[in-house]
file data.tsv (TSV, C-alpha atoms and all ligand atoms)
chain	number	residue	atom	x	y	z
A	1	THR	CA	121.00	78.85	118.98
A	2	LYS	CA	118.92	81.29	116.98
A	3	LEU	CA	117.27	84.39	118.39
A	4	LYS	CA	113.47	84.13	118.20
A	5	VAL	CA	112.07	87.22	116.48
A	6	GLY	CA	108.37	87.94	117.05
A	7	LEU	CA	107.21	89.52	113.80
A	8	LEU	CA	104.06	91.48	114.57
A	9	PHE	CA	101.91	92.58	111.62
A	10	GLY	CA	98.41	93.36	110.33
A	11	GLY	CA	96.75	95.41	113.04
A	12	ARG	CA	93.60	97.39	113.74
A	13	SER	CA	94.35	100.24	111.35
A	14	GLY	CA	93.53	101.53	107.88
A	15	GLU	CA	97.09	100.55	106.92
A	16	HIS	CA	96.51	96.83	107.64
A	17	GLU	CA	97.32	95.73	104.07
A	18	VAL	CA	100.45	97.88	103.91
A	19	SER	CA	101.61	96.26	107.14
A	20	ILE	CA	101.25	92.78	105.64
A	21	SER	CA	103.36	93.86	102.64
A	22	SER	CA	106.03	95.34	104.90
A	23	ALA	CA	106.09	92.21	107.08
A	24	ARG	CA	106.46	89.95	104.05
A	25	ALA	CA	109.51	91.89	102.87
A	26	ILE	CA	111.08	91.75	106.34
A	27	ALA	CA	110.30	88.02	106.72
A	28	HIS	CA	111.94	87.41	103.37
A	29	ALA	CA	115.06	89.34	104.41
A	30	LEU	CA	115.23	87.39	107.67
A	31	SER	CA	114.99	84.11	105.78
A	32	LEU	CA	118.07	84.82	103.67
A	33	GLN	CA	121.23	82.90	104.60
A	34	GLU	CA	123.12	85.60	106.53
A	35	ASN	CA	120.10	86.28	108.76
A	36	ALA	CA	118.65	82.75	108.81
A	37	ASP	CA	121.78	81.58	110.68
A	38	LYS	CA	121.04	84.10	113.44
A	39	TYR	CA	117.28	84.51	113.61
A	40	GLU	CA	114.13	82.38	113.71
A	41	ILE	CA	110.83	84.09	112.84
A	42	LEU	CA	107.73	83.65	114.97
A	43	PRO	CA	104.88	85.34	113.06
A	44	PHE	CA	102.03	87.08	114.91
A	45	TYR	CA	99.13	88.41	112.89
A	46	ILE	CA	96.73	90.91	114.39
A	47	GLN	CA	93.37	90.64	112.64
A	48	LYS	CA	91.46	93.77	111.65
A	49	ASP	CA	89.24	93.25	114.72
A	50	GLY	CA	92.29	93.17	116.99
A	51	VAL	CA	92.44	89.42	117.69
A	52	TRP	CA	95.96	87.95	117.72
A	53	GLN	CA	96.84	84.87	115.69
A	54	ALA	CA	100.10	82.91	115.76
A	55	GLY	CA	101.56	79.74	114.20
A	56	GLN	CA	100.13	78.34	110.98
A	57	PHE	CA	97.40	80.97	110.71
A	58	ALA	CA	99.85	83.89	110.90
A	59	GLN	CA	102.31	82.13	108.60
A	60	GLN	CA	99.55	81.59	106.06
A	61	VAL	CA	98.72	85.33	105.96
A	62	LEU	CA	102.43	86.10	105.64
A	63	THR	CA	102.85	83.64	102.77
A	64	SER	CA	99.70	84.60	100.88
A	65	GLY	CA	99.73	88.31	101.63
A	66	VAL	CA	95.94	88.20	102.01
A	67	PRO	CA	94.20	89.48	105.18
A	68	GLN	CA	92.20	86.81	107.03
A	69	GLU	CA	89.86	86.78	109.92
A	70	VAL	CA	88.39	84.08	112.11
A	71	PRO	CA	85.12	85.54	113.32
A	72	SER	CA	85.14	85.36	117.07
A	73	ILE	CA	81.86	85.69	118.98
A	74	THR	CA	83.51	86.84	122.19
A	75	PRO	CA	86.99	87.96	121.20
A	76	ASN	CA	89.18	88.10	124.25
A	77	LEU	CA	91.78	90.58	123.08
A	78	TRP	CA	93.84	90.04	126.22
A	79	GLN	CA	94.37	86.38	125.46
A	80	PHE	CA	97.65	86.30	123.60
A	81	PRO	CA	98.74	83.17	121.76
A	82	PRO	CA	101.01	80.94	123.90
A	83	GLU	CA	103.80	81.38	121.30
A	84	THR	CA	104.31	84.96	122.55
A	85	ALA	CA	106.13	83.51	125.59
A	86	GLN	CA	108.96	82.29	123.32
A	87	VAL	CA	109.75	85.66	121.74
A	88	GLU	CA	113.23	87.06	122.48
A	89	VAL	CA	112.95	90.26	120.44
A	90	TRP	CA	109.83	91.86	118.95
A	91	PHE	CA	109.73	93.34	115.45
A	92	PRO	CA	106.48	95.35	115.24
A	93	VAL	CA	105.67	96.13	111.61
A	94	LEU	CA	102.39	97.90	112.22
A	95	HIS	CA	101.51	101.22	110.58
A	96	GLY	CA	99.07	103.82	111.85
A	97	PRO	CA	96.82	103.76	114.94
A	98	ASN	CA	97.17	100.80	117.36
A	99	GLY	CA	100.65	100.03	116.10
A	100	GLU	CA	102.73	103.09	115.26
A	101	ASP	CA	101.26	105.29	117.99
A	102	GLY	CA	102.72	103.90	121.21
A	103	THR	CA	99.88	101.54	122.13
A	104	ILE	CA	101.66	98.34	121.04
A	105	GLN	CA	104.95	99.82	122.28
A	106	GLY	CA	103.41	100.14	125.76
A	107	LEU	CA	102.32	96.53	125.67
A	108	LEU	CA	105.74	95.36	124.46
A	109	THR	CA	107.46	97.44	127.15
A	110	LEU	CA	105.42	95.55	129.72
A	111	THR	CA	106.60	92.21	128.30
A	112	GLN	CA	110.17	93.28	129.27
A	113	ILE	CA	111.46	92.01	125.95
A	114	PRO	CA	113.35	94.30	123.56
A	115	PHE	CA	111.48	95.57	120.51
A	116	VAL	CA	112.47	97.28	117.26
A	117	GLY	CA	111.76	100.99	116.90
A	118	SER	CA	110.60	103.85	119.08
A	119	GLY	CA	109.18	103.52	122.57
A	120	VAL	CA	105.88	104.89	123.86
A	121	LEU	CA	106.83	108.57	123.87
A	122	GLY	CA	108.53	108.65	120.47
A	123	SER	CA	105.77	106.63	118.82
A	124	ALA	CA	102.92	108.70	120.29
A	125	THR	CA	104.58	112.05	119.63
A	126	GLY	CA	105.55	111.05	116.10
A	127	MET	CA	102.08	109.78	115.26
A	128	ASP	CA	99.99	112.71	116.46
A	129	LYS	CA	100.62	115.51	113.97
A	130	ILE	CA	99.65	118.20	116.51
A	131	ALA	CA	102.01	116.93	119.25
A	132	MET	CA	104.67	116.33	116.58
A	133	LYS	CA	104.45	119.91	115.29
A	134	MET	CA	104.70	121.29	118.82
A	135	ALA	CA	107.87	119.26	119.42
A	136	PHE	CA	109.31	120.40	116.06
A	137	ALA	CA	108.46	124.06	116.78
A	138	GLN	CA	110.22	123.82	120.15
A	139	ALA	CA	113.28	122.41	118.37
A	140	GLY	CA	113.25	125.40	116.00
A	141	LEU	CA	112.42	123.38	112.89
A	142	PRO	CA	110.69	125.38	110.10
A	143	GLN	CA	107.13	124.30	109.33
A	144	VAL	CA	104.16	125.58	107.35
A	145	LYS	CA	101.47	127.48	109.27
A	146	TYR	CA	98.81	125.29	110.83
A	147	ILE	CA	95.77	125.27	113.08
A	148	ALA	CA	94.87	122.46	115.47
A	149	VAL	CA	91.19	121.52	115.54
A	150	THR	CA	89.14	119.08	117.60
A	151	ARG	CA	86.20	116.94	116.50
A	152	SER	CA	83.95	118.68	119.00
A	153	GLN	CA	84.68	122.03	117.33
A	154	VAL	CA	83.77	120.57	113.95
A	155	TRP	CA	80.62	118.86	115.18
A	156	SER	CA	79.62	121.81	117.32
A	157	ASN	CA	76.61	124.07	116.96
A	158	ALA	CA	76.04	126.44	114.04
A	159	CYS	CA	77.79	129.23	115.91
A	160	VAL	CA	81.24	127.74	116.62
A	161	PHE	CA	81.85	125.97	113.30
A	162	PRO	CA	81.56	128.99	110.95
A	163	LYS	CA	83.91	130.96	113.20
A	164	LEU	CA	86.42	128.13	113.04
A	165	CYS	CA	86.22	128.13	109.24
A	166	ASP	CA	86.58	131.94	109.16
A	167	GLN	CA	89.71	131.66	111.28
A	168	ILE	CA	91.20	128.96	109.02
A	169	GLU	CA	90.49	131.05	105.90
A	170	ALA	CA	91.99	134.19	107.44
A	171	THR	CA	95.10	132.48	108.82
A	172	LEU	CA	95.92	129.84	106.22
A	173	GLY	CA	93.99	130.72	103.06
A	174	TYR	CA	93.53	128.31	100.14
A	175	PRO	CA	94.62	125.79	99.21
A	176	CYS	CA	95.01	124.21	102.60
A	177	PHE	CA	95.29	120.60	103.75
A	178	VAL	CA	92.91	119.01	106.25
A	179	LYS	CA	94.30	115.94	108.02
A	180	PRO	CA	93.21	113.58	110.78
A	181	ALA	CA	96.02	114.01	113.34
A	182	ASN	CA	96.75	110.30	113.88
A	183	LEU	CA	96.89	108.54	110.54
A	184	GLY	CA	99.23	107.72	107.68
A	185	SER	CA	99.24	106.78	103.98
A	186	SER	CA	97.26	110.01	103.33
A	187	VAL	CA	94.09	108.34	104.64
A	188	GLY	CA	91.47	111.01	105.40
A	189	ILE	CA	93.60	113.86	104.00
A	190	ALA	CA	92.04	116.45	101.66
A	191	LYS	CA	93.41	119.40	99.72
A	192	VAL	CA	90.72	122.09	99.82
A	193	ARG	CA	90.23	125.22	97.72
A	194	SER	CA	86.92	126.65	98.91
A	195	ARG	CA	84.73	127.10	101.96
A	196	GLN	CA	82.51	124.25	100.90
A	197	GLU	CA	85.44	121.86	100.41
A	198	LEU	CA	86.83	122.95	103.77
A	199	GLU	CA	83.57	122.17	105.58
A	200	THR	CA	83.26	118.76	103.91
A	201	ALA	CA	86.91	117.88	104.58
A	202	LEU	CA	86.70	118.85	108.26
A	203	ASP	CA	83.58	116.75	108.69
A	204	ASN	CA	85.23	113.80	106.96
A	205	ALA	CA	88.46	114.11	108.98
A	206	ALA	CA	86.37	114.15	112.16
A	207	THR	CA	85.05	110.68	111.33
A	208	TYR	CA	88.66	109.38	111.52
A	209	ASP	CA	90.02	111.20	114.56
A	210	ARG	CA	89.16	113.38	117.56
A	211	ARG	CA	92.15	115.53	116.61
A	212	ILE	CA	92.51	117.27	113.25
A	213	ILE	CA	95.12	119.55	111.76
A	214	VAL	CA	94.73	122.11	108.98
A	215	GLU	CA	97.88	123.30	107.20
A	216	ALA	CA	98.69	126.03	104.69
A	217	GLY	CA	99.45	124.42	101.33
A	218	VAL	CA	102.91	124.87	99.82
A	219	ILE	CA	104.10	124.34	96.26
A	220	ALA	CA	107.30	122.40	96.74
A	221	ARG	CA	109.37	119.35	95.86
A	222	GLU	CA	108.75	116.42	98.22
A	223	VAL	CA	111.92	114.95	99.67
A	224	GLU	CA	112.49	112.34	102.38
A	225	CYS	CA	115.37	111.26	104.58
A	226	ALA	CA	115.77	107.98	106.49
A	227	VAL	CA	117.21	107.85	110.00
A	228	LEU	CA	118.75	104.76	111.63
A	229	GLY	CA	120.15	104.42	115.16
A	230	ASN	CA	119.39	105.15	118.79
A	231	ASP	CA	121.19	107.92	120.64
A	232	ASN	CA	123.70	108.55	117.82
A	233	PRO	CA	121.55	108.05	114.76
A	234	LYS	CA	122.68	108.43	111.14
A	235	ALA	CA	120.86	110.09	108.24
A	236	SER	CA	120.65	108.52	104.78
A	237	VAL	CA	120.94	110.15	101.38
A	238	ILE	CA	117.85	112.13	100.35
A	239	GLY	CA	115.11	110.71	98.15
A	240	GLU	CA	112.55	112.59	96.07
A	241	ILE	CA	109.02	111.64	95.08
A	242	THR	CA	107.40	112.88	91.89
A	243	PHE	CA	103.85	112.30	90.59
A	244	ASP	CA	101.22	113.85	88.35
A	245	SER	CA	98.34	113.70	90.84
A	246	ASP	CA	97.05	116.70	92.78
A	247	PHE	CA	99.00	115.55	95.84
A	248	TYR	CA	100.66	112.39	97.18
A	249	ASP	CA	97.38	110.71	98.14
A	250	TYR	CA	96.62	107.06	98.97
A	251	GLU	CA	96.01	106.05	95.37
A	252	THR	CA	99.25	107.67	94.18
A	253	LYS	CA	101.18	105.96	96.98
A	254	TYR	CA	99.95	102.44	96.33
A	255	THR	CA	99.16	102.23	92.60
A	256	PRO	CA	102.28	101.02	90.80
A	257	GLY	CA	103.51	103.55	88.26
A	258	LYS	CA	101.69	106.57	89.73
A	259	ALA	CA	104.72	107.91	91.61
A	260	ASP	CA	108.45	107.83	90.94
A	261	LEU	CA	111.24	107.75	93.49
A	262	PHE	CA	114.56	109.42	92.74
A	263	ILE	CA	117.48	108.41	94.95
A	264	PRO	CA	119.60	110.36	95.56
A	265	ALA	CA	117.49	113.45	94.89
A	266	LYS	CA	119.12	116.07	92.68
A	267	LEU	CA	119.82	118.75	95.26
A	268	PRO	CA	122.69	121.14	95.99
A	269	ASP	CA	125.01	119.51	98.58
A	270	MET	CA	124.22	122.26	101.08
A	271	VAL	CA	120.48	121.61	100.83
A	272	ALA	CA	120.91	117.84	101.18
A	273	GLN	CA	123.08	118.36	104.25
A	274	GLN	CA	120.59	120.76	105.80
A	275	ILE	CA	117.80	118.23	105.28
A	276	GLN	CA	119.90	115.49	106.92
A	277	ASP	CA	120.60	117.72	109.92
A	278	MET	CA	116.93	118.58	110.25
A	279	ALA	CA	115.97	114.89	110.01
A	280	LEU	CA	118.29	114.08	112.93
A	281	GLN	CA	116.92	117.02	114.94
A	282	ALA	CA	113.36	115.84	114.27
A	283	PHE	CA	114.26	112.29	115.36
A	284	ALA	CA	115.61	113.63	118.66
A	285	ALA	CA	112.75	116.13	119.13
A	286	VAL	CA	110.09	113.39	119.35
A	287	ASP	CA	112.42	110.89	121.10
A	288	ALA	CA	112.38	108.39	118.23
A	289	ALA	CA	114.55	105.24	118.31
A	290	GLY	CA	115.72	102.62	115.83
A	291	LEU	CA	114.22	103.99	112.62
A	292	SER	CA	112.22	106.85	111.16
A	293	ARG	CA	111.51	108.44	107.82
A	294	VAL	CA	111.35	112.23	107.88
A	295	ASP	CA	109.37	114.00	105.12
A	296	PHE	CA	110.13	117.52	103.88
A	297	PHE	CA	108.96	120.19	101.44
A	298	TYR	CA	111.72	121.92	99.47
A	299	VAL	CA	110.72	125.19	97.79
A	300	GLU	CA	113.29	125.42	95.05
A	301	ALA	CA	112.58	129.08	94.12
A	302	THR	CA	113.31	130.43	97.60
A	303	GLY	CA	115.56	127.67	98.95
A	304	GLU	CA	113.16	127.19	101.88
A	305	ILE	CA	112.93	123.77	103.55
A	306	PHE	CA	109.88	122.92	105.66
A	307	ILE	CA	109.63	119.77	107.71
A	308	ASN	CA	106.34	117.98	106.99
A	309	GLU	CA	106.36	115.00	109.33
A	310	ILE	CA	108.17	112.07	110.91
A	311	ASN	CA	107.04	108.46	110.46
A	312	THR	CA	108.40	106.20	113.18
A	313	LEU	CA	107.34	102.98	111.41
A	314	PRO	CA	107.62	103.87	107.73
A	315	GLY	CA	106.52	101.60	104.91
A	316	PHE	CA	108.96	98.72	104.67
A	317	THR	CA	108.20	96.83	101.47
A	318	SER	CA	111.14	96.11	99.20
A	319	THR	CA	110.13	99.08	97.03
A	320	SER	CA	109.43	101.47	99.93
A	321	MET	CA	111.42	104.67	100.33
A	322	TYR	CA	112.93	103.79	103.74
A	323	PRO	CA	114.84	100.61	102.77
A	324	GLN	CA	115.70	102.06	99.36
A	325	LEU	CA	117.28	105.14	100.94
A	326	TRP	CA	119.49	102.88	103.06
A	327	ALA	CA	120.35	100.61	100.15
A	328	ASN	CA	121.58	103.72	98.32
A	329	THR	CA	123.54	104.79	101.40
A	330	GLY	CA	125.34	101.43	101.57
A	331	ILE	CA	123.13	99.30	103.83
A	332	PRO	CA	121.26	96.62	101.85
A	333	PHE	CA	117.84	95.37	103.03
A	334	THR	CA	119.18	92.18	104.65
A	335	GLN	CA	121.70	94.14	106.73
A	336	LEU	CA	119.13	96.80	107.57
A	337	VAL	CA	116.76	94.38	109.34
A	338	ASP	CA	119.72	92.83	111.17
A	339	GLN	CA	120.88	96.26	112.36
A	340	LEU	CA	117.38	97.18	113.53
A	341	ILE	CA	117.18	94.04	115.67
A	342	GLN	CA	120.64	94.74	117.12
A	343	LEU	CA	119.59	98.34	117.87
A	344	ALA	CA	116.52	97.04	119.72
A	345	ILE	CA	118.72	94.85	121.92
A	346	GLU	CA	121.22	97.68	122.46
A	347	ARG	CA	118.46	100.08	123.52
A	348	TYR	CA	117.01	97.58	125.96
A	349	SER	CA	120.30	96.83	127.70
A	350	PRO	CA	120.28	98.36	131.20
A	351	ILE	CA	123.41	100.48	130.62
A	352	ASN	CA	121.69	102.43	127.80
B	1	LIG	P1	102.67	109.07	105.19
B	1	LIG	O1	102.09	107.97	104.35
B	1	LIG	O2	103.94	109.61	104.62
B	1	LIG	O3	102.73	108.76	106.64
B	1	LIG	P2	100.62	110.98	105.96
B	1	LIG	O4	99.31	110.30	105.84
B	1	LIG	O5	101.20	111.11	107.31
B	1	LIG	O6	101.65	110.30	104.97
B	1	LIG	P3	101.35	113.68	105.04
B	1	LIG	O7	102.73	113.24	104.73
B	1	LIG	O8	101.19	114.67	106.13
B	1	LIG	O9	100.39	112.42	105.32
B	1	LIG	O10	100.66	114.29	103.74
B	1	LIG	C1	100.46	113.47	102.60
B	1	LIG	C2	100.73	114.23	101.33
B	1	LIG	O11	99.86	115.37	101.21
B	1	LIG	C3	102.11	114.84	101.25
B	1	LIG	O12	103.06	113.88	100.82
B	1	LIG	C4	101.89	115.95	100.23
B	1	LIG	O13	101.78	115.46	98.90
B	1	LIG	C5	100.53	116.46	100.63
B	1	LIG	N1	100.63	117.55	101.62
B	1	LIG	C6	100.44	117.42	102.94
B	1	LIG	N2	100.56	118.58	103.58
B	1	LIG	C7	100.85	119.50	102.65
B	1	LIG	C8	101.09	120.92	102.68
B	1	LIG	N3	101.04	121.61	103.82
B	1	LIG	N4	101.36	121.55	101.49
B	1	LIG	C9	101.42	120.84	100.34
B	1	LIG	N5	101.20	119.52	100.25
B	1	LIG	C10	100.91	118.85	101.38
B	2	MG	MG	102.86	110.14	108.08
B	3	MG	MG	102.66	106.76	108.27
B	4	MG	MG	104.10	111.74	104.62
call {"tool": "encode", "arguments": {"input": "data.tsv", "output": "structure tokens", "more": "lines below"}}
Ligand code: ATP
Ligand code: MG
Ligand code: MG
Ligand code: MG
result
Amino acid sequence: TKLKVGLLFGGRSGEHEVSISSARAIAHALSLQENADKYEILPFYIQKDGVWQAGQFAQQVLTSGVPQEVPSITPNLWQFPPETAQVEVWFPVLHGPNGEDGTIQGLLTLTQIPFVGSGVLGSATGMDKIAMKMAFAQAGLPQVKYIAVTRSQVWSNACVFPKLCDQIEATLGYPCFVKPANLGSSVGIAKVRSRQELETALDNAATYDRRIIVEAGVIAREVECAVLGNDNPKASVIGEITFDSDFYDYETKYTPGKADLFIPAKLPDMVAQQIQDMALQAFAAVDAAGLSRVDFFYVEATGEIFINEINTLPGFTSTSMYPQLWANTGIPFTQLVDQLIQLAIERYSPIN
């Protein structure tokens, strides 16, 4: 009999649409012969308002790729579709808050059914850029200078805020990057070059998150490494992203033709190896499991490598970096989703 895979997608996050695209690619891979013999997909769509949909409704979103919503007057978010009881392994394909950050992972842990990817700790630590950077620093991984900021500092009185900006200017200088701590796809991120831009960017970031991070800007090549496994994970070949935009913002990420991926990246062997080692260290530092994509800055002139971030549920469309890195390392998409499900089961087994 086939294993029933609960494919969980959509979600209450700014990356809702990306999640649908990722889920479609995974559903397709699971429907191909070699996987179709082993797995049966049960789709679960989480609407933008947080309401769960199963069956025909979820399948329809998966097939069409278009977000849908049944307006519910009194949405009972705790009422899960009866189909959830049949799931034998969960495959959460949710990006950003309420999906990649440990919240869903906590819920799935309570169901006592294995699920793909990191648990509560790894997801939460990987998602929050402040907690993530603390874990990386403790592991001795090189990073750019940064300052952690809270919303209350930004929206404070006219005395605290200017001092905060003074401190950022003195410590980091311009350009610097202002980021909501718990987001992805560059949502809410700004590159700032002046006091006025800094003030506006901080105010904007505060509308997204209670926690904000400001980083010194570096001029560097952007390279990424995929990690796959649990306690003995493997690192993929390195990929590079190039683009003409000011930085790798939302538009550049999701407009076809605006960015190019090079796999494998043209790097000296020593540099590639160092990046792979650092990716594995980062994976362990946040307690990630199953999969992650680790992003780096490589300053060619000095040979410096800075870790930028880890993404515990990276974009998973057929053209996304994560599956492409594995395809180029010898694991095609269809095998990759199979391995991830097997890793979920392995991690859940009581002897692990
Ligand atoms: P993802 O979609 O990969 O999860 P994200 O929203 O978590 O992205 P980051 O990867 O932190 O955001 O930053 C997005 C982009 O902004 C980077 O790919 C890079 O182009 C630019 N960037 C971020 N921080 C810096 C920095 N300190 N110096 C230079 N460029 C930066
Ligand atoms: Mg990210
Ligand atoms: Mg992300
Ligand atoms: Mg990134």
call {"tool": "closest_residue", "arguments": {"input": "data.tsv", "among": "A:Ile238, A:Val337, A:Val187, A:Val93", "to": "ligand MG 4 (chain B)", "atoms": "all atoms listed in the file"}}
result
A:Val187
call {"tool": "residues_near_ligand", "arguments": {"input": "data.tsv", "ligand": "ligand MG 3 (chain B)", "cutoff": "7 Å", "atoms": "only C-alpha atoms and all ligand atoms", "output": "NGL selection string"}}
result
:A and (95-96 or 183-185 or 311 or 313-314)
call {"tool": "closest_atom_pairs", "arguments": {"input": "data.tsv", "of": "chain A", "to": "ligand MG 4 (chain B)", "cutoff": "12 Å", "atoms": "only C-alpha atoms and all ligand atoms", "output": "Markdown table"}}
result
| residue | atom | partner | partner_atom | distance |
| --- | --- | --- | --- | --- |
| A:Gly96 | CA | B:MG4 | MG | 11.8 |
| A:Gly126 | CA | B:MG4 | MG | 11.6 |
| A:Met127 | CA | B:MG4 | MG | 11.0 |
| A:Lys129 | CA | B:MG4 | MG | 10.7 |
| A:Lys179 | CA | B:MG4 | MG | 11.2 |
| A:Asn182 | CA | B:MG4 | MG | 11.9 |
| A:Leu183 | CA | B:MG4 | MG | 9.9 |
| A:Gly184 | CA | B:MG4 | MG | 7.0 |
| A:Ser185 | CA | B:MG4 | MG | 7.0 |
| A:Ser186 | CA | B:MG4 | MG | 7.2 |
| A:Val187 | CA | B:MG4 | MG | 10.6 |
| A:Ile189 | CA | B:MG4 | MG | 10.7 |
| A:Glu222 | CA | B:MG4 | MG | 9.2 |
| A:Val223 | CA | B:MG4 | MG | 9.8 |
| A:Glu224 | CA | B:MG4 | MG | 8.7 |
| A:Cys225 | CA | B:MG4 | MG | 11.3 |
| A:Ile241 | CA | B:MG4 | MG | 10.7 |
| A:Phe247 | CA | B:MG4 | MG | 10.8 |
| A:Tyr248 | CA | B:MG4 | MG | 8.2 |
| A:Asp249 | CA | B:MG4 | MG | 9.4 |
| A:Tyr250 | CA | B:MG4 | MG | 10.5 |
| A:Lys253 | CA | B:MG4 | MG | 10.0 |
| A:Ser292 | CA | B:MG4 | MG | 11.5 |
| A:Arg293 | CA | B:MG4 | MG | 8.7 |
| A:Val294 | CA | B:MG4 | MG | 8.0 |
| A:Asp295 | CA | B:MG4 | MG | 5.8 |
| A:Phe296 | CA | B:MG4 | MG | 8.4 |
| A:Phe297 | CA | B:MG4 | MG | 10.3 |
| A:Ile307 | CA | B:MG4 | MG | 10.2 |
| A:Asn308 | CA | B:MG4 | MG | 7.0 |
| A:Glu309 | CA | B:MG4 | MG | 6.2 |
| A:Ile310 | CA | B:MG4 | MG | 7.5 |
| A:Asn311 | CA | B:MG4 | MG | 7.3 |
| A:Thr312 | CA | B:MG4 | MG | 11.1 |
| A:Leu313 | CA | B:MG4 | MG | 11.5 |
| A:Pro314 | CA | B:MG4 | MG | 9.2 |
| A:Gly315 | CA | B:MG4 | MG | 10.4 |
| A:Met321 | CA | B:MG4 | MG | 11.0 |
| A:Tyr322 | CA | B:MG4 | MG | 11.9 |
call {"tool": "atom_distance", "arguments": {"input": "data.tsv", "atom1": "CA of Phe283 (chain A)", "atom2": "CA of Thr103 (chain A)"}}
result
19.2 Å
call {"tool": "residues_near_point", "arguments": {"input": "data.tsv", "point": "(110.5, 87.6, 113.7)", "cutoff": "6 Å", "atoms": "only C-alpha atoms", "output": "NGL selection string"}}
result
:A and (5-7 or 41-42)
call {"tool": "write_last_selection", "arguments": {"input": "data.tsv", "atoms": "C-alpha atoms", "output": "tab-separated table (two decimals), in the frame of the given file"}}
result
chain	number	residue	atom	x	y	z
A	5	VAL	CA	112.07	87.22	116.48
A	6	GLY	CA	108.37	87.94	117.05
A	7	LEU	CA	107.21	89.52	113.80
A	41	ILE	CA	110.83	84.09	112.84
A	42	LEU	CA	107.73	83.65	114.97
call {"tool": "residues_around", "arguments": {"input": "data.tsv", "residues": "region 168-178 of chain A", "least_positions_apart": "5", "cutoff": "7 Å", "atoms": "all atoms listed in the file", "output": "NGL selection string"}}
result
:A and (145 or 189-194 or 201-202 or 213-217)
call {"tool": "residues_around", "arguments": {"input": "data.tsv", "residues": "region 107-112 of chain A", "least_positions_apart": "2", "cutoff": "12 Å", "atoms": "only C-alpha atoms", "output": "ChimeraX atom specification"}}
result
/A:6,8,78,80,84-92,98-99,101-105,114-121,344-345,347-350
call {"tool": "residues_around", "arguments": {"input": "data.tsv", "residues": "Met134 (chain A)", "least_positions_apart": "3", "cutoff": "12 Å", "atoms": "only C-alpha atoms", "output": "ChimeraX atom specification"}}
result
/A:125-126,128-131,137-143,145-148,282,285-286,309
call {"tool": "atom_distance", "arguments": {"input": "data.tsv", "atom1": "CA of Val299 (chain A)", "atom2": "CA of Val218 (chain A)"}}
result
8.1 Å
call {"tool": "build_atoms", "arguments": {"input": "data.tsv", "residues": "region 247-259 of chain A", "atoms": "N, CA and C atoms", "output": "PDB file, in the coordinates of the input"}}
result
ATOM      1  N   PHE A 247      98.026 115.672  94.754  1.00  0.00           N
ATOM      2  CA  PHE A 247      99.000 115.550  95.840  1.00  0.00           C
ATOM      3  C   PHE A 247      99.317 114.078  96.043  1.00  0.00           C
ATOM      4  N   TYR A 248     100.203 113.770  96.982  1.00  0.00           N
ATOM      5  CA  TYR A 248     100.660 112.390  97.180  1.00  0.00           C
ATOM      6  C   TYR A 248      99.623 111.653  98.043  1.00  0.00           C
ATOM      7  N   ASP A 249      98.489 111.337  97.414  1.00  0.00           N
ATOM      8  CA  ASP A 249      97.380 110.710  98.140  1.00  0.00           C
ATOM      9  C   ASP A 249      97.521 109.181  98.163  1.00  0.00           C
ATOM     10  N   TYR A 250      96.550 108.508  98.793  1.00  0.00           N
ATOM     11  CA  TYR A 250      96.620 107.060  98.970  1.00  0.00           C
ATOM     12  C   TYR A 250      96.800 106.321  97.643  1.00  0.00           C
ATOM     13  N   GLU A 251      95.977 106.715  96.673  1.00  0.00           N
ATOM     14  CA  GLU A 251      96.010 106.050  95.370  1.00  0.00           C
ATOM     15  C   GLU A 251      97.387 106.201  94.702  1.00  0.00           C
ATOM     16  N   THR A 252      97.936 107.419  94.784  1.00  0.00           N
ATOM     17  CA  THR A 252      99.250 107.670  94.180  1.00  0.00           C
ATOM     18  C   THR A 252     100.339 106.861  94.883  1.00  0.00           C
ATOM     19  N   LYS A 253     100.182 106.702  96.201  1.00  0.00           N
ATOM     20  CA  LYS A 253     101.180 105.960  96.980  1.00  0.00           C
ATOM     21  C   LYS A 253     101.200 104.476  96.639  1.00  0.00           C
ATOM     22  N   TYR A 254     100.012 103.904  96.421  1.00  0.00           N
ATOM     23  CA  TYR A 254      99.950 102.440  96.330  1.00  0.00           C
ATOM     24  C   TYR A 254      99.549 101.886  94.974  1.00  0.00           C
ATOM     25  N   THR A 255      99.375 102.751  93.948  1.00  0.00           N
ATOM     26  CA  THR A 255      99.160 102.230  92.600  1.00  0.00           C
ATOM     27  C   THR A 255     100.493 102.248  91.868  1.00  0.00           C
ATOM     28  N   PRO A 256     100.985 101.061  91.481  1.00  0.00           N
ATOM     29  CA  PRO A 256     102.280 101.020  90.800  1.00  0.00           C
ATOM     30  C   PRO A 256     102.294 101.923  89.580  1.00  0.00           C
ATOM     31  N   GLY A 257     103.358 102.695  89.434  1.00  0.00           N
ATOM     32  CA  GLY A 257     103.510 103.550  88.260  1.00  0.00           C
ATOM     33  C   GLY A 257     102.998 104.972  88.448  1.00  0.00           C
ATOM     34  N   LYS A 258     102.256 105.221  89.536  1.00  0.00           N
ATOM     35  CA  LYS A 258     101.690 106.570  89.730  1.00  0.00           C
ATOM     36  C   LYS A 258     102.689 107.549  90.348  1.00  0.00           C
ATOM     37  N   ALA A 259     103.703 107.024  91.020  1.00  0.00           N
ATOM     38  CA  ALA A 259     104.720 107.910  91.610  1.00  0.00           C
ATOM     39  C   ALA A 259     106.100 107.349  91.292  1.00  0.00           C
TER      40      ALA A 259
END
